[in-house]
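**Student:** Before we start, here is the structure in question, set down as structure tokens.
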Amino acid sequence: MGFSEKDMHMKTNLLVGFIGETANSLGEIVIPSYAGGINKQVRYLVIDGPSTYNVILGRPRLHLMKVVPSTYHQCVKFPTPWGVEKVRGDQEKARGFYKKALKCTASPPA
């Protein structure tokens, strides 16, 4: 994404995955995030590893944005000063990013 370690605040956090696995974050970074006409400074935890996601927004952030998610429709809706905005997911693009991440972490053939 064009950031370096000097852009991060080095702070380790223990993260617990969906099936109970754990990992430590490398640090935190605050970057402007734009969605549906709203630009906010958002604190993200940085991890080193393949993921099917670009970012995982936690419940506190979703609650703050008053988000209504729909996994069936692959989108989230939230209020803005200009009305309700919708951000759609793209499963095909996400799958492509995941495959690319797996190739980057694969061991070279022996």
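How things are named: the first chain in the structure tokens is A, the next is B, and so on; residues count from 1 in each chain; ligands count from 1 in the order shown.
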Using only C-alpha atoms, which protein or nucleic acid residues come within 10 Å of A:His73? Drop anything in the same chain fewer than 4 positions from it, and give the result as a list in words.

**Tutor:** Pro69, Arg88 and Gly89 of chain A

**Student:** Please produce a file of those selected residues containing N, CA, C and O atoms, as a PDB file, in the first residue's frame.

**Tutor:**
ATOM      1  N   PRO A  69     -24.924  -4.455   7.733  1.00  0.00           N
ATOM      2  CA  PRO A  69     -24.289  -5.361   6.769  1.00  0.00           C
ATOM      3  C   PRO A  69     -25.270  -6.391   6.219  1.00  0.00           C
ATOM      4  O   PRO A  69     -26.243  -6.758   6.875  1.00  0.00           O
ATOM      5  N   ARG A  88     -20.390  -2.122  -1.987  1.00  0.00           N
ATOM      6  CA  ARG A  88     -20.541  -3.519  -2.386  1.00  0.00           C
ATOM      7  C   ARG A  88     -19.209  -4.250  -2.359  1.00  0.00           C
ATOM      8  O   ARG A  88     -18.177  -3.679  -2.673  1.00  0.00           O
ATOM      9  N   GLY A  89     -19.263  -5.518  -1.998  1.00  0.00           N
ATOM     10  CA  GLY A  89     -18.095  -6.382  -2.062  1.00  0.00           C
ATOM     11  C   GLY A  89     -17.970  -6.960  -3.452  1.00  0.00           C
ATOM     12  O   GLY A  89     -18.925  -6.964  -4.228  1.00  0.00           O
TER      13      GLY A  89
END

**Student:** Using only C-alpha atoms, which protein or nucleic acid residues come within 10 Å of stretch 52-66 of chain A? Drop anything in the same chain fewer than 6 positions from it, and give the result as a list of chain:residue names.

**Tutor:** A:Ile38, A:Val42, A:Arg43, A:Tyr44, A:Leu45, A:Val46, A:Val76, A:Lys77, A:Phe78, A:Pro79, A:Thr80, A:Gln91, A:Lys93, A:Ala94, A:Arg95, A:Gly96, A:Phe97, A:Tyr98, A:Lys99, A:Lys100, A:Ala101, A:Leu102

**Student:** List as a list in words the protein and nucleic acid residues near stretch 1-10 of chain A, meaning an atom at most 10 Å away when only C-alpha atoms are counted, but skip any in the same chain fewer than 2 places from it.

**Tutor:**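 Listed by chain and then number, they are Thr12, Asn13, Ser25, Leu26, Gly27, Glu28, Ile29, Val30, Ile31, Tyr44, Leu45 and Val46 of chain A.
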
**Student:** Can you work out the spacing between atom CA of A:Glu85 and atom CA of A:Thr71 in Å, to one decimal?

**Tutor:**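 Separation between atom CA of A:Glu85 and atom CA of A:Thr71: 16.2 Å.
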
**Student:** How far is it from atom CA of A:Gln74 to atom CA of A:Lys40, in Å with one decimal?

**Tutor:**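 A separation of 22.5 Å between them.
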
**Student:** How far is it from atom CA of A:Ile47 to atom CA of A:Lys86, in Å with one decimal?

**Tutor:** 27.4 Å

**Student:** Pick the closest to A:Val68 from A:Ser33, A:Lys11, A:Trp82, A:Val87: which is it, counting only C-alpha atoms?

**Tutor:**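 Result for the nearest residue to A:Val68: A:Val87.
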
**Student:** Can you list, as a list in words, all residues belonging to stretch 2-109 of chain A that DSSP tags as alpha helix (DSSP H)?

**Tutor:**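 Selecting the alpha helix (DSSP H) positions of stretch 2-109 of chain A gives Arg59, Pro60, Arg61, Leu62, His63, Leu64, Met65, Gln91, Glu92, Lys93, Ala94, Arg95, Gly96, Phe97, Tyr98, Lys99, Lys100, Ala101, Leu102, Lys103, Cys104 and Thr105 of chain A.
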